[in-house]
Amino acid sequence: MATKKYLELQDYSDADLKSELENIETQYQKLQFDHTIRGLDNPLTLREVRRDIARLKTEVRRRELAGMSEEDLSRRDRIRNRRKRQKTSK
């Protein structure tokens, strides 16, 4: 089942997603700094912000893959399969 935040991200445009990602990453850096210097009232906000960043990056990547041509996707699959074989042979 999709979360509410995930469903909201699908409505964003590509430019909105990237600007939101930049804003949240900046917010996360400030929170980390504040937590290091004086501590946060609720340190779990760091986890929530990290997860929001992951959600945004996932949506950006999903859109990149959706926009790829069949040729690019097949090239990507070949690279992934080659890497898998290299891992198993070690």
# chains A, B, ... in the order shown; residues from 1 in each chain; ligands from 1
>>> residues_around(residues="A:Phe33", least_positions_apart="6", cutoff="12 Å", atoms="only C-alpha atoms", output="VMD selection string")
chain A and resid 26 to 27 39 to 40 43 46
>>> closest_residue(among="A:Ser19, A:Thr45, A:Ser74, A:Ser89", to="A:Lys57", atoms="only C-alpha atoms")
A:Ser19
>>> residues_around(residues="A:Ile53", least_positions_apart="6", cutoff="12 Å", atoms="only C-alpha atoms", output="number ranges by chain")
A: 5-6, 9, 17-29, 46-47, 59-60
>>> decode(residues="chain A", atoms="C-alpha atoms", output="PDB file, in the first residue's frame")
ATOM      1  CA  MET A   1       0.000   0.000   0.000  1.00  0.00           C
ATOM      2  CA  ALA A   2       1.378   3.392  -0.979  1.00  0.00           C
ATOM      3  CA  THR A   3       1.957   5.944   1.730  1.00  0.00           C
ATOM      4  CA  LYS A   4       0.431   9.389   1.692  1.00  0.00           C
ATOM      5  CA  LYS A   5       3.800  11.055   1.099  1.00  0.00           C
ATOM      6  CA  TYR A   6       4.531   8.766  -1.848  1.00  0.00           C
ATOM      7  CA  LEU A   7       1.211   9.619  -3.443  1.00  0.00           C
ATOM      8  CA  GLU A   8       1.877  13.339  -2.959  1.00  0.00           C
ATOM      9  CA  LEU A   9       5.270  13.028  -4.661  1.00  0.00           C
ATOM     10  CA  GLN A  10       3.678  11.599  -7.785  1.00  0.00           C
ATOM     11  CA  ASP A  11       1.790  14.870  -8.274  1.00  0.00           C
ATOM     12  CA  TYR A  12       4.980  16.971  -8.245  1.00  0.00           C
ATOM     13  CA  SER A  13       6.632  18.097 -11.461  1.00  0.00           C
ATOM     14  CA  ASP A  14      10.265  17.180 -12.107  1.00  0.00           C
ATOM     15  CA  ALA A  15      11.461  20.689 -11.248  1.00  0.00           C
ATOM     16  CA  ASP A  16       9.426  20.698  -8.024  1.00  0.00           C
ATOM     17  CA  LEU A  17      10.897  17.343  -7.032  1.00  0.00           C
ATOM     18  CA  LYS A  18      14.461  18.515  -7.531  1.00  0.00           C
ATOM     19  CA  SER A  19      13.921  21.778  -5.672  1.00  0.00           C
ATOM     20  CA  GLU A  20      12.195  19.923  -2.821  1.00  0.00           C
ATOM     21  CA  LEU A  21      15.103  17.480  -2.674  1.00  0.00           C
ATOM     22  CA  GLU A  22      17.599  20.337  -2.440  1.00  0.00           C
ATOM     23  CA  ASN A  23      15.556  22.026   0.301  1.00  0.00           C
ATOM     24  CA  ILE A  24      15.219  18.875   2.358  1.00  0.00           C
ATOM     25  CA  GLU A  25      18.909  18.007   1.997  1.00  0.00           C
ATOM     26  CA  THR A  26      19.802  21.499   3.226  1.00  0.00           C
ATOM     27  CA  GLN A  27      17.358  21.102   6.102  1.00  0.00           C
ATOM     28  CA  TYR A  28      18.929  17.742   6.976  1.00  0.00           C
ATOM     29  CA  GLN A  29      22.441  19.253   7.071  1.00  0.00           C
ATOM     30  CA  LYS A  30      21.221  22.008   9.406  1.00  0.00           C
ATOM     31  CA  LEU A  31      19.493  19.472  11.645  1.00  0.00           C
ATOM     32  CA  GLN A  32      22.648  17.352  11.816  1.00  0.00           C
ATOM     33  CA  PHE A  33      24.705  20.397  12.736  1.00  0.00           C
ATOM     34  CA  ASP A  34      22.223  21.487  15.398  1.00  0.00           C
ATOM     35  CA  HIS A  35      22.078  17.964  16.795  1.00  0.00           C
ATOM     36  CA  THR A  36      25.882  17.814  17.012  1.00  0.00           C
ATOM     37  CA  ILE A  37      26.239  21.207  18.670  1.00  0.00           C
ATOM     38  CA  ARG A  38      23.379  21.377  21.137  1.00  0.00           C
ATOM     39  CA  GLY A  39      21.144  18.380  20.536  1.00  0.00           C
ATOM     40  CA  LEU A  40      17.618  18.229  19.211  1.00  0.00           C
ATOM     41  CA  ASP A  41      14.404  18.017  21.203  1.00  0.00           C
ATOM     42  CA  ASN A  42      13.381  15.036  19.116  1.00  0.00           C
ATOM     43  CA  PRO A  43      16.321  13.288  17.403  1.00  0.00           C
ATOM     44  CA  LEU A  44      13.907  11.062  15.490  1.00  0.00           C
ATOM     45  CA  THR A  45      13.305  13.988  13.149  1.00  0.00           C
ATOM     46  CA  LEU A  46      16.680  13.138  11.606  1.00  0.00           C
ATOM     47  CA  ARG A  47      15.351   9.705  10.668  1.00  0.00           C
ATOM     48  CA  GLU A  48      12.163  11.162   9.218  1.00  0.00           C
ATOM     49  CA  VAL A  49      14.079  13.657   7.100  1.00  0.00           C
ATOM     50  CA  ARG A  50      16.469  10.938   5.875  1.00  0.00           C
ATOM     51  CA  ARG A  51      13.502   8.837   4.816  1.00  0.00           C
ATOM     52  CA  ASP A  52      11.927  11.808   3.044  1.00  0.00           C
ATOM     53  CA  ILE A  53      15.173  12.283   1.126  1.00  0.00           C
ATOM     54  CA  ALA A  54      15.123   8.611   0.146  1.00  0.00           C
ATOM     55  CA  ARG A  55      11.511   8.909  -1.033  1.00  0.00           C
ATOM     56  CA  LEU A  56      12.376  11.913  -3.189  1.00  0.00           C
ATOM     57  CA  LYS A  57      15.440  10.249  -4.693  1.00  0.00           C
ATOM     58  CA  THR A  58      13.428   7.118  -5.416  1.00  0.00           C
ATOM     59  CA  GLU A  59      10.762   9.093  -7.247  1.00  0.00           C
ATOM     60  CA  VAL A  60      13.382  10.990  -9.275  1.00  0.00           C
ATOM     61  CA  ARG A  61      15.042   7.697 -10.263  1.00  0.00           C
ATOM     62  CA  ARG A  62      11.704   6.074 -11.098  1.00  0.00           C
ATOM     63  CA  ARG A  63      10.969   8.925 -13.485  1.00  0.00           C
ATOM     64  CA  GLU A  64      14.426   8.666 -15.047  1.00  0.00           C
ATOM     65  CA  LEU A  65      13.885   4.969 -15.736  1.00  0.00           C
ATOM     66  CA  ALA A  66      10.407   5.609 -17.104  1.00  0.00           C
ATOM     67  CA  GLY A  67      11.837   8.112 -19.561  1.00  0.00           C
ATOM     68  CA  MET A  68      14.563   5.788 -20.856  1.00  0.00           C
ATOM     69  CA  SER A  69      14.350   4.252 -24.296  1.00  0.00           C
ATOM     70  CA  GLU A  70      14.249   0.490 -24.817  1.00  0.00           C
ATOM     71  CA  GLU A  71      17.853   0.558 -25.984  1.00  0.00           C
ATOM     72  CA  ASP A  72      19.000   2.338 -22.820  1.00  0.00           C
ATOM     73  CA  LEU A  73      17.051  -0.097 -20.649  1.00  0.00           C
ATOM     74  CA  SER A  74      18.567  -3.133 -22.359  1.00  0.00           C
ATOM     75  CA  ARG A  75      22.059  -1.641 -21.959  1.00  0.00           C
ATOM     76  CA  ARG A  76      21.321  -1.057 -18.280  1.00  0.00           C
ATOM     77  CA  ASP A  77      20.136  -4.659 -17.883  1.00  0.00           C
ATOM     78  CA  ARG A  78      23.298  -6.016 -19.498  1.00  0.00           C
ATOM     79  CA  ILE A  79      25.449  -3.959 -17.138  1.00  0.00           C
ATOM     80  CA  ARG A  80      23.446  -5.123 -14.112  1.00  0.00           C
ATOM     81  CA  ASN A  81      23.714  -8.777 -15.173  1.00  0.00           C
ATOM     82  CA  ARG A  82      27.470  -8.457 -15.715  1.00  0.00           C
ATOM     83  CA  ARG A  83      27.873  -6.976 -12.239  1.00  0.00           C
ATOM     84  CA  LYS A  84      25.818  -9.799 -10.743  1.00  0.00           C
ATOM     85  CA  ARG A  85      28.020 -12.401 -12.382  1.00  0.00           C
ATOM     86  CA  GLN A  86      31.132 -10.643 -11.095  1.00  0.00           C
ATOM     87  CA  LYS A  87      29.789 -10.678  -7.536  1.00  0.00           C
ATOM     88  CA  THR A  88      28.978 -14.369  -7.604  1.00  0.00           C
ATOM     89  CA  SER A  89      32.342 -15.350  -9.097  1.00  0.00           C
ATOM     90  CA  LYS A  90      34.300 -13.749  -6.227  1.00  0.00           C
TER      91      LYS A  90
END
